[in-house]
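See structure below.
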Amino acid sequence: MTWEIIIGLETHVELSTATKIFCGCTTAFGGDPNTHCCPVCTGMPGTLPVLNEAVVKFAAKAGLALHCDITRSCKFDRKNYFYPDLPKAYQISQLYLPICRDGKVPIVTDAGEKTIRIHEIHMEEDAGKLVHDPWIDQSRADYNRCGVPLIEIVTEPDFRTADEVIAYLEKLRATLQYLEVSDCKMQEGSLRCDVNLSVRPMGSAEFGTRTEMKNLNSFKAISRAIAYEAKRQIEAVEEGKTIVQETRRWDENKDATFAMRSKENAQDYRYFPEPDIPPLELSEGYLEALRAEQPELAEEKRLRYEKDYQLPSYDAAIITGQKALSDFFETAVALGSEAKQVSNWIMGEIMRRLSTQGLEAKDMKLTPKTLSRLIALVKDGKLNRNTAVKVFDAIFDTDGDVDAYVKEHGLEQVSDAGLVGRIVDEVFAANPKSIEDYKAGKEKAFGFLVGQVMRQLKGQAAPAVVNEAIRAKLDALK
Amino acid sequence: MELCKLSALELHAALQAGDVTQGEAVAAARARIAATQPEHNAFITLCDTPAQAPDLAASPLAGVPMAYKDNICTKGLKTTCASKILGEFQPPYDATVVERLGQGGAVCLGKLNMDEFAMGSTSETSFYGAVKNPWNPAHVTGGSSGGSAAAVASGACWYTIGSDTGGSIRQPAAFCGVTGMKPTYGTVSRYGLIAYASSLDQMGPIARTAADCAAVLDLMQGKDSRDGTSLDVPAGSLLAGLTGDIRGMKIGLPADCFGDGLTGEVGSAVRAVAEVLRARGATVEEFALPIIQYAVPTYYIVAAAEASSNLSRFDGIKYGWRAEGYEDLADLYNRTRTEGFGAEVKRRILLGTFVLSTGYYDAYYKKALQAKALIKQAFDDAFTRYDLLLTPVSPTTAPKLGESLSDPLHMYLSDIYTVSVNLAGLPGLSMPCGFDGRGLPIGAQLIGPALGDGKVLNAAHAYQQETTFHKQTPKGGDAV
């Protein structure tokens with residue numbers, strides 16, 4: 001039997017407002033425990049939450065960009081449960097009237113185009129964290145994250161493959177970054193994703209019982225967890241077992257999911273309308289102003305790059321897929337570098353370094369100005385491309401000074417025809433066999449001779465000068 | 001001069017005229033506290049007054065000694081909510097009203113006893129012992145702001161601040177023969193008031209006269225950036241608006257507030273208020289307000305639901321009292337809350353948890369919200385025809401100690417005349433209007449439309465110009 005995998009996502013995104021959702025504390029990541037908090041976000045008796053209007057604005061911007069209906073009169077609700085990281089013993093969230101509903105996100109995968117429907121987006125506050133100290137066998141509460149604003153973006157169960165999930169998340173991340181409503185860093189938890197998954201026989205109209213997977217900290221983890229969980233469920237059903245509706249935790253090290261709690265043990269959150277925050281009224285004028293402010297998003301940018309810079313569609317999609325990359329690209333082009341060259345460096349060397357170092361584009365130290373200088377040196381014949389890559393590797397981590405590095409390491413390209421000519425003479429004298437081969441029609445011998453000359457000149461020779469000198473000498477021998 | 005029988009405004013005038021010194025005023029209050037505290041138990045905590053006397057020009061109440069109900073946060077001063085669970089809690093901040101009254105030159109003497117977490121109608125559920133009625137210590141003060149009412153009645157303070165979620169200012173004011181006002185919801189910032197039911201809670205003054213209440217509210221009211229539900233009302237105009245002129249004012253008497261359950265003495269005393277107001281030029285008319293029969297069940301569902309959530313933060317983790325000998329996290333929660341809360345608080349937490357639970361939410365909580373909207377609508381309709389409503393505060397005068405706690409349902413039902421005012425978010429004032437055969441005070445309630453606080457105070461002021469009930473003091477109040 002063939003099986004269909006049904007996936008829906010709940011994505012928590014931390015908004016990059018300067019202050020928390022209900023008080024004036026900073027949202028900065030890190031900080032010593034309990035230094036980014038106040039009586040309000042630690043839920044001290046008598047304190048009251050006051051809504052940060054920037055949170056509403058950020059959430060509405062996200063909703064508009066994801067083609068949602070914006071709820072003109074939305075409300076907050078309390079989600080009640082006891083846990084030491086939740087100082088009020090309730091989380092202020094939205095259940096009954098979330099700020100956004102019924103959106104859509106078009107995605108592209110190898111299988112083609114598809115639209116993922118957004119069920120809703122709601123605003124809520126983050127909780128703190130517990131740090132267990134095994135030495136004293138105690139847990140300690142850090143309330144720095146309490147009250148950091150989040151939006152939860154809930155999709156319909158529209159995904160059928162992990163590829164679609166990743167394409168959606170990449171699109172979502174790019175959109176939210178362009179809107180500057182979130183930095184979407186998975187390692188710092190500013191983008192967190194729970195995956196709801198069920199399986200059913202292909203062609204069936206009924207949904208199977210779903211499980212929810214948590215603790216997915218990277219796109220890679222999401223892909224692997226989907227593969228694992230789909231296989232687990234299919235095997236279970238094929239063995240005649242029933243799937244239990246439960247929350248499962250992805251264990252990165254064991255490459256498997258483990259049951260956390262079943263539906264029977266699910267909490268009754270006793271949601272009810274938050275009495276401390278008046279209902280929110282959003283006017284058409286307010287939304288109109290937000291629409292007018294909306295920046296150019298990934299899709300429009302990609303089309304523009306293809307048209308204005310003649311970039312290949314694939315390259316344009318990668319570069320516009322992350323705001324940091326497209327900002328980098330546009331700045332380098334604005335500094336006078338040729339678009340095609342900048343694109344090649346990004347697609348080649350920059351992506352290679354980001355990938356091997358597990359670095360996010362927005363955390364990269366290298367500046368467009370530095371890359372532009374490197375490109376200029378190559379263009380002016382001062383560096384050859386291979387040497388330039390060496391320089392790039394040396395300065396990438398620190399955004400070092402290109403000119404200083406080239407000078408210090410004596411890497412400037414040799415374009416002196418006299419010097420190159422002398423080396424060519426030496427190489428010809430040392431390799432008579434290759435010259436015979438060439439004369440006999442073996443073009444490969446030409447490349448060998450070029451390589452030998454380059455080696456003598458430590459790779460710093462201008463390739464065009466070397467090629468020309470060798471060609472001229474061979475022609476003279478004919 | 002019998003300082004402790006002056007109104008707050010009169011004491012301020014005497015201070016300003018130089019007839020009385022700040023030290024004498026504080027000493028007089030302290031002497032009354034010393035004389036009455038052992039019997040009345042109105043205070044939970046007493047505090048020192050600042051060495052420097054306040055600037056008497058700060059407000060019409062500057063220099064007047066007062067005190068706060070113990071659910072109002074005072075920086076560095078114990079704020080217990082009359083509960084074991086917050087027994088040693090010292091807030092690191094002042095409530096907005098404490099800041100504002102402080103700027104107006106208030107001189108705080110301490111924190112007042114109350115029902116635990118403001119849950120109760122008798123001030124007997126306090127972990128620190130019941131408050132006794134200054135008119136007869138065998139009787140309760142009413143609640144939950146019993147300490148706030150008793151302190152004014154016994155001359156220990158010229159005014160106090162209480163909180164009112166379902167009648168907690170007005171009912172003890174009535175039982176203790178003083179004047180108390182719950183202002184329109186949102187006109188006084190709730191920042192720093194330890195929440196019982198957030199959508200109903202409102203702080204307000206208890207004093208001898210309506211004019212004193214107006215002067216206190218002038219200092220308390222106004223928008224606060226720390227409370228999203230606070231309203232942008234013009235502050236400082238209530239006292240100036242007390243003309244005593246109520247000619248042409250239309251007053252409605254809801255017939256449903258004068259039916260079954262109301263004792264004859266209370267009914268006649270309140271009807272007599274109507275005659276006094278009529279004599280000053282108001283028109284008085286009876287009308288039907290049948291919806292109030294749903295007010296008590298609606299109130300106890302909404303208030304308990306919010307309370308069950310608001311009181312969840314008292315879990316022994318972050319501040320306050322923590323039980324000992326727990327085995328794990330769940331046990332820590334269980335023991336702390338089982339041992340830390342009293343019976344009435346636990347009853348309401350259980351009730352509130354029940355009505356919010358899956359499967360019961362629609363039948364109880366949702367229905368109560370619908371009833372709340374209908375009650376508000378019925379009052380709004382009444383105020384298209386009347387300027388104010390006149391009702392009793394409570395069906396009876398103060399019951400004996402111990403009578404009510406044995407029958408909580410009966411106690412809840414006695415809140416019938418006060419709770420709808422909170423459900424509808426309206427201003428309500430309780431003022432002395434007579435005594436029963438045993439010499440216990442009777443109160444009358446004036447209810448105004450939303451933001452009609454000035455009208456309510458003006459009518460009460462007019463009444464107090466014609467009567468002397470508010471000037472009566474209990475025996476034992478003549479010393480000093």
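Within each chain, counting starts at residue 1; across the structure tokens, chains are named A, B, ... in the order shown, with ligands numbered 1 upward in that order.
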Between chain B and chain A, at 6 Å or less, what are the per-residue closest atom pairs and their distances in Å? Count only C-alpha atoms, order by chain and rising residue number, and return it as CSV.
residue,atom,partner,partner_atom,distance
B:Tyr191,CA,A:Thr47,CA,5.6
B:Gly192,CA,A:Gly46,CA,4.0
B:Leu193,CA,A:Gly46,CA,4.6
B:Ile194,CA,A:Gly46,CA,3.9
B:Ser198,CA,A:Pro275,CA,5.9
B:Ser199,CA,A:Pro275,CA,5.3
B:Gly228,CA,A:Val50,CA,5.3
B:Ser312,CA,A:Ala89,CA,5.6
B:Arg313,CA,A:Lys88,CA,4.6
B:Leu356,CA,A:Arg270,CA,5.1
B:Ser357,CA,A:Arg270,CA,5.3
Test item: residues at most 10 Å from Lys471 in chain B, only C-alpha atoms, excluding those fewer than 4 positions along its chain, as a ChimeraX atom specification: /B:5-7,153,177-178,208-209,432,464,467
Atomic separation - CA of Asp327 in chain A relative to CA of Glu180 in chain A, Å: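 The value is 12.4 Å.
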Polymer residues at most 10 Å from Phe258 in chain B, only C-alpha atoms, same-chain spacing of 3 or more positions, as an mmCIF file with C-alpha atoms, in the first residue's frame:
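Saved as result-v5.cif:
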data_model
loop_
_atom_site.group_PDB
_atom_site.id
_atom_site.type_symbol
_atom_site.label_atom_id
_atom_site.label_comp_id
_atom_site.auth_asym_id
_atom_site.auth_seq_id
_atom_site.Cartn_x
_atom_site.Cartn_y
_atom_site.Cartn_z
ATOM 1 C CA LEU B 253 -36.105 53.220 42.918
ATOM 2 C CA PRO B 254 -35.809 49.667 41.526
ATOM 3 C CA ALA B 255 -38.838 47.888 43.019
ATOM 4 C CA GLY B 261 -35.389 39.294 51.934
ATOM 5 C CA LEU B 262 -35.106 42.968 52.767
ATOM 6 C CA THR B 263 -35.634 43.701 56.461
ATOM 7 C CA GLY B 264 -38.302 46.254 57.243
ATOM 8 C CA VAL B 266 -33.553 48.815 56.254
ATOM 9 C CA GLY B 267 -36.360 49.219 53.702
ATOM 10 C CA SER B 268 -37.965 52.117 55.566
ATOM 11 C CA VAL B 270 -33.765 53.760 52.518
ATOM 12 C CA ARG B 271 -37.225 54.928 51.453
ATOM 13 C CA THR B 391 -31.259 51.083 46.663
ATOM 14 C CA PRO B 392 -30.350 49.454 49.965
ATOM 15 C CA PRO B 395 -30.762 43.380 53.053
ATOM 16 C CA TYR B 417 -27.785 44.988 45.833
#
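CA of Ser420 in chain B is found 24.8 Å from CA of Ala462 in chain B.
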Non-local contacts of Thr49 in chain B (10 Å; only C-alpha atoms; under 2 positions in same chain excluded) as a list in words: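 Listing them by chain and then by number gives Gly23, Val26, Leu46, Cys47, Ala51, Gln52, Ala53, Pro65, Val107, Cys108, Leu109 and Gly110 of chain B.
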Just write the chosen residues, C-alpha atoms, as an mmCIF file, in the first residue's frame.
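Writing done, so here's again06.cif:
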data_model
loop_
_atom_site.group_PDB
_atom_site.id
_atom_site.type_symbol
_atom_site.label_atom_id
_atom_site.label_comp_id
_atom_site.auth_asym_id
_atom_site.auth_seq_id
_atom_site.Cartn_x
_atom_site.Cartn_y
_atom_site.Cartn_z
ATOM 1 C CA GLY B 23 2.174 65.816 65.121
ATOM 2 C CA VAL B 26 -0.942 61.770 63.981
ATOM 3 C CA LEU B 46 1.253 49.749 61.470
ATOM 4 C CA CYS B 47 4.020 51.895 60.069
ATOM 5 C CA ALA B 51 9.877 62.555 59.634
ATOM 6 C CA GLN B 52 9.106 65.433 57.329
ATOM 7 C CA ALA B 53 5.535 66.743 57.372
ATOM 8 C CA PRO B 65 -3.567 60.573 58.415
ATOM 9 C CA VAL B 107 0.128 60.416 55.724
ATOM 10 C CA CYS B 108 -0.049 56.635 55.853
ATOM 11 C CA LEU B 109 -0.460 54.986 59.266
ATOM 12 C CA GLY B 110 -0.583 51.354 58.178
#
Contacts of Phe396 in chain A within 9 Å, only C-alpha atoms, excl. fewer than 5 positions in-chain, as JSON, numbers by chain: {"A": [350, 353, 364, 365, 366, 367, 391]}
For Phe43 in chain B: contacts at 9 Å, only C-alpha atoms, fewer than 3 positions along chain excluded, given as JSON, numbers by chain: {"B": [33, 37, 40, 46, 67, 69, 70, 110, 111, 112, 113, 114, 131, 147, 148, 151]}
For those residues, write N, CA and C atoms to a file as a CSV table (one decimal), in the first residue's frame.
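Result went into part_23.csv, see below:
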chain,number,residue,atom,x,y,z
B,33,ILE,N,-6.0,54.3,67.6
B,33,ILE,CA,-5.6,53.0,67.1
B,33,ILE,C,-5.3,52.1,68.4
B,37,GLN,N,-7.6,49.0,68.6
B,37,GLN,CA,-7.0,47.8,67.9
B,37,GLN,C,-7.2,46.5,68.6
B,40,HIS,N,-11.0,45.9,67.9
B,40,HIS,CA,-11.6,45.9,66.6
B,40,HIS,C,-10.7,45.1,65.6
B,46,LEU,N,1.1,48.3,61.2
B,46,LEU,CA,1.3,49.7,61.5
B,46,LEU,C,2.6,50.2,61.0
B,67,ALA,N,-5.0,55.3,55.9
B,67,ALA,CA,-4.4,53.9,55.8
B,67,ALA,C,-5.0,53.2,54.6
B,69,LYS,N,-6.1,49.5,52.6
B,69,LYS,CA,-6.4,48.1,52.7
B,69,LYS,C,-5.2,47.3,52.4
B,70,ASP,N,-5.1,46.1,53.0
B,70,ASP,CA,-3.8,45.4,52.9
B,70,ASP,C,-3.7,44.5,51.6
B,110,GLY,N,-0.7,52.8,58.2
B,110,GLY,CA,-0.6,51.4,58.2
B,110,GLY,C,-1.5,50.7,57.2
B,111,LYS,N,-1.6,49.4,57.3
B,111,LYS,CA,-2.4,48.5,56.4
B,111,LYS,C,-3.5,47.9,57.1
B,112,LEU,N,-4.7,47.8,56.4
B,112,LEU,CA,-5.9,47.5,57.1
B,112,LEU,C,-6.4,46.1,56.8
B,113,ASN,N,-6.9,45.5,57.9
B,113,ASN,CA,-7.4,44.1,57.8
B,113,ASN,C,-8.6,44.0,56.8
B,114,MET,N,-8.9,42.8,56.4
B,114,MET,CA,-9.8,42.5,55.3
B,114,MET,C,-10.1,41.0,55.3
B,131,VAL,N,-12.3,41.2,61.9
B,131,VAL,CA,-12.5,42.6,62.3
B,131,VAL,C,-13.8,42.7,63.0
B,147,GLY,N,-11.7,46.4,57.7
B,147,GLY,CA,-10.7,47.2,58.5
B,147,GLY,C,-10.8,48.7,58.0
B,148,SER,N,-11.0,48.9,56.7
B,148,SER,CA,-11.0,50.2,56.2
B,148,SER,C,-12.2,51.0,56.7
B,151,ALA,N,-11.8,51.4,60.7
B,151,ALA,CA,-10.8,52.4,61.1
B,151,ALA,C,-11.4,53.8,61.1
All helix (DSSP H, G or I) residues (DSSP, backbone) inside range 196-420 of chain A, as a ChimeraX atom specification: /A:219-238,263-265,284-293,298-309,313-320,323-334,339-357,361-363,368-379,385-395,402-408,417-420
Top pick for closest residue to Ile416 in chain B, considering B:Phe435, B:Tyr299, B:Phe354, B:Phe89 and counting only C-alpha atoms: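 Closest to Ile416 in chain B, using only C-alpha atoms: B:Tyr299.
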DSSP strand (DSSP E) residues within range 38-268 of chain B, listed as a ChimeraX atom specification: /B:43-46,65-69,107-112,132-133,136-140,159-164,179-182,202-207,250-254
Writer output for current selection, N, CA and C atoms, as a short mmCIF file (atom, residue, chain, number, x, y, z; two decimals), in the first residue's frame:
data_model
loop_
_atom_site.label_atom_id
_atom_site.label_comp_id
_atom_site.auth_asym_id
_atom_site.auth_seq_id
_atom_site.Cartn_x
_atom_site.Cartn_y
_atom_site.Cartn_z
N PHE B 43 -6.34 46.88 61.96
CA PHE B 43 -5.05 46.96 61.26
C PHE B 43 -4.34 45.61 61.25
N ILE B 44 -3.62 45.34 60.16
CA ILE B 44 -2.70 44.20 60.13
C ILE B 44 -1.28 44.68 60.41
N THR B 45 -0.92 45.83 59.84
CA THR B 45 0.43 46.35 60.00
C THR B 45 0.35 47.86 60.27
N LEU B 46 1.15 48.31 61.23
CA LEU B 46 1.25 49.75 61.47
C LEU B 46 2.62 50.19 60.99
N PRO B 65 -3.95 61.98 58.23
CA PRO B 65 -3.57 60.57 58.41
C PRO B 65 -4.63 59.63 57.83
N MET B 66 -4.17 58.58 57.22
CA MET B 66 -5.05 57.62 56.54
C MET B 66 -4.38 56.26 56.51
N ALA B 67 -5.04 55.27 55.90
CA ALA B 67 -4.43 53.94 55.78
C ALA B 67 -5.01 53.21 54.58
N TYR B 68 -4.27 52.17 54.15
CA TYR B 68 -4.65 51.39 52.96
C TYR B 68 -5.09 49.98 53.34
N LYS B 69 -6.08 49.51 52.62
CA LYS B 69 -6.44 48.09 52.73
C LYS B 69 -5.21 47.26 52.37
N VAL B 107 -0.77 60.91 54.69
CA VAL B 107 0.13 60.42 55.72
C VAL B 107 -0.35 59.02 56.11
N CYS B 108 0.40 58.02 55.67
CA CYS B 108 -0.05 56.63 55.85
C CYS B 108 0.32 56.10 57.24
N LEU B 109 -0.69 55.54 57.93
CA LEU B 109 -0.46 54.99 59.27
C LEU B 109 -0.29 53.47 59.26
N GLY B 110 -0.73 52.81 58.19
CA GLY B 110 -0.58 51.35 58.18
C GLY B 110 -1.49 50.69 57.17
N LYS B 111 -1.61 49.36 57.34
CA LYS B 111 -2.35 48.53 56.41
C LYS B 111 -3.52 47.86 57.13
N LEU B 112 -4.65 47.84 56.44
CA LEU B 112 -5.91 47.48 57.09
C LEU B 112 -6.35 46.05 56.83
N LYS B 132 -13.87 43.54 64.10
CA LYS B 132 -15.12 43.68 64.88
C LYS B 132 -15.73 45.05 64.62
N ASN B 133 -17.04 45.08 64.66
CA ASN B 133 -17.76 46.31 64.34
C ASN B 133 -17.66 47.31 65.50
N ASN B 136 -20.71 47.67 67.66
CA ASN B 136 -21.00 46.54 68.56
C ASN B 136 -20.07 45.40 68.19
N PRO B 137 -19.04 45.19 69.00
CA PRO B 137 -17.99 44.22 68.65
C PRO B 137 -18.48 42.78 68.56
N ALA B 138 -19.71 42.52 68.90
CA ALA B 138 -20.25 41.17 68.71
C ALA B 138 -20.67 40.97 67.26
N HIS B 139 -20.67 42.07 66.50
CA HIS B 139 -21.11 42.01 65.10
C HIS B 139 -19.94 42.22 64.15
N VAL B 140 -20.15 41.76 62.94
CA VAL B 140 -19.09 41.92 61.93
C VAL B 140 -19.12 43.34 61.37
N TYR B 159 -9.66 59.04 56.67
CA TYR B 159 -10.16 58.32 55.49
C TYR B 159 -9.27 57.12 55.25
N THR B 160 -9.81 56.15 54.54
CA THR B 160 -9.04 54.96 54.20
C THR B 160 -9.32 54.61 52.74
N ILE B 161 -8.45 53.76 52.20
CA ILE B 161 -8.68 53.26 50.84
C ILE B 161 -9.05 51.79 50.93
N GLY B 162 -10.15 51.44 50.27
CA GLY B 162 -10.57 50.05 50.20
C GLY B 162 -10.62 49.60 48.76
N SER B 163 -11.04 48.37 48.57
CA SER B 163 -11.27 47.90 47.20
C SER B 163 -12.65 47.24 47.17
N ASP B 164 -13.28 47.28 45.99
CA ASP B 164 -14.67 46.85 45.87
C ASP B 164 -14.81 46.02 44.60
N THR B 179 -19.20 56.60 55.00
CA THR B 179 -19.50 56.79 53.58
C THR B 179 -18.40 56.14 52.75
N GLY B 180 -18.79 55.34 51.76
CA GLY B 180 -17.79 54.66 50.91
C GLY B 180 -18.22 54.69 49.47
N MET B 181 -17.25 54.82 48.60
CA MET B 181 -17.57 54.96 47.17
C MET B 181 -16.74 54.03 46.32
N LYS B 182 -17.43 53.28 45.45
CA LYS B 182 -16.76 52.53 44.38
C LYS B 182 -16.93 53.35 43.12
N GLN B 202 -12.17 47.54 41.81
CA GLN B 202 -11.91 48.97 41.72
C GLN B 202 -11.66 49.48 43.13
N MET B 203 -10.66 50.34 43.28
CA MET B 203 -10.38 50.92 44.59
C MET B 203 -11.19 52.19 44.78
N GLY B 204 -11.41 52.53 46.04
CA GLY B 204 -12.15 53.75 46.32
C GLY B 204 -12.00 54.13 47.78
N PRO B 205 -12.52 55.30 48.14
CA PRO B 205 -12.35 55.81 49.50
C PRO B 205 -13.48 55.40 50.45
N ILE B 206 -13.12 55.34 51.72
CA ILE B 206 -14.11 55.29 52.80
C ILE B 206 -13.78 56.47 53.72
N ALA B 207 -14.79 57.25 54.07
CA ALA B 207 -14.56 58.45 54.90
C ALA B 207 -15.86 58.77 55.63
N LYS B 250 -33.58 63.20 38.48
CA LYS B 250 -34.56 62.11 38.46
C LYS B 250 -33.94 60.87 39.08
N ILE B 251 -34.58 60.40 40.13
CA ILE B 251 -34.03 59.25 40.86
C ILE B 251 -34.99 58.07 40.74
N GLY B 252 -34.44 56.93 40.34
CA GLY B 252 -35.25 55.72 40.18
C GLY B 252 -35.05 54.77 41.36
N LEU B 253 -36.16 54.22 41.84
CA LEU B 253 -36.11 53.22 42.92
C LEU B 253 -36.45 51.86 42.31
N PRO B 254 -35.47 50.97 42.13
CA PRO B 254 -35.81 49.67 41.53
C PRO B 254 -36.67 48.85 42.50
#
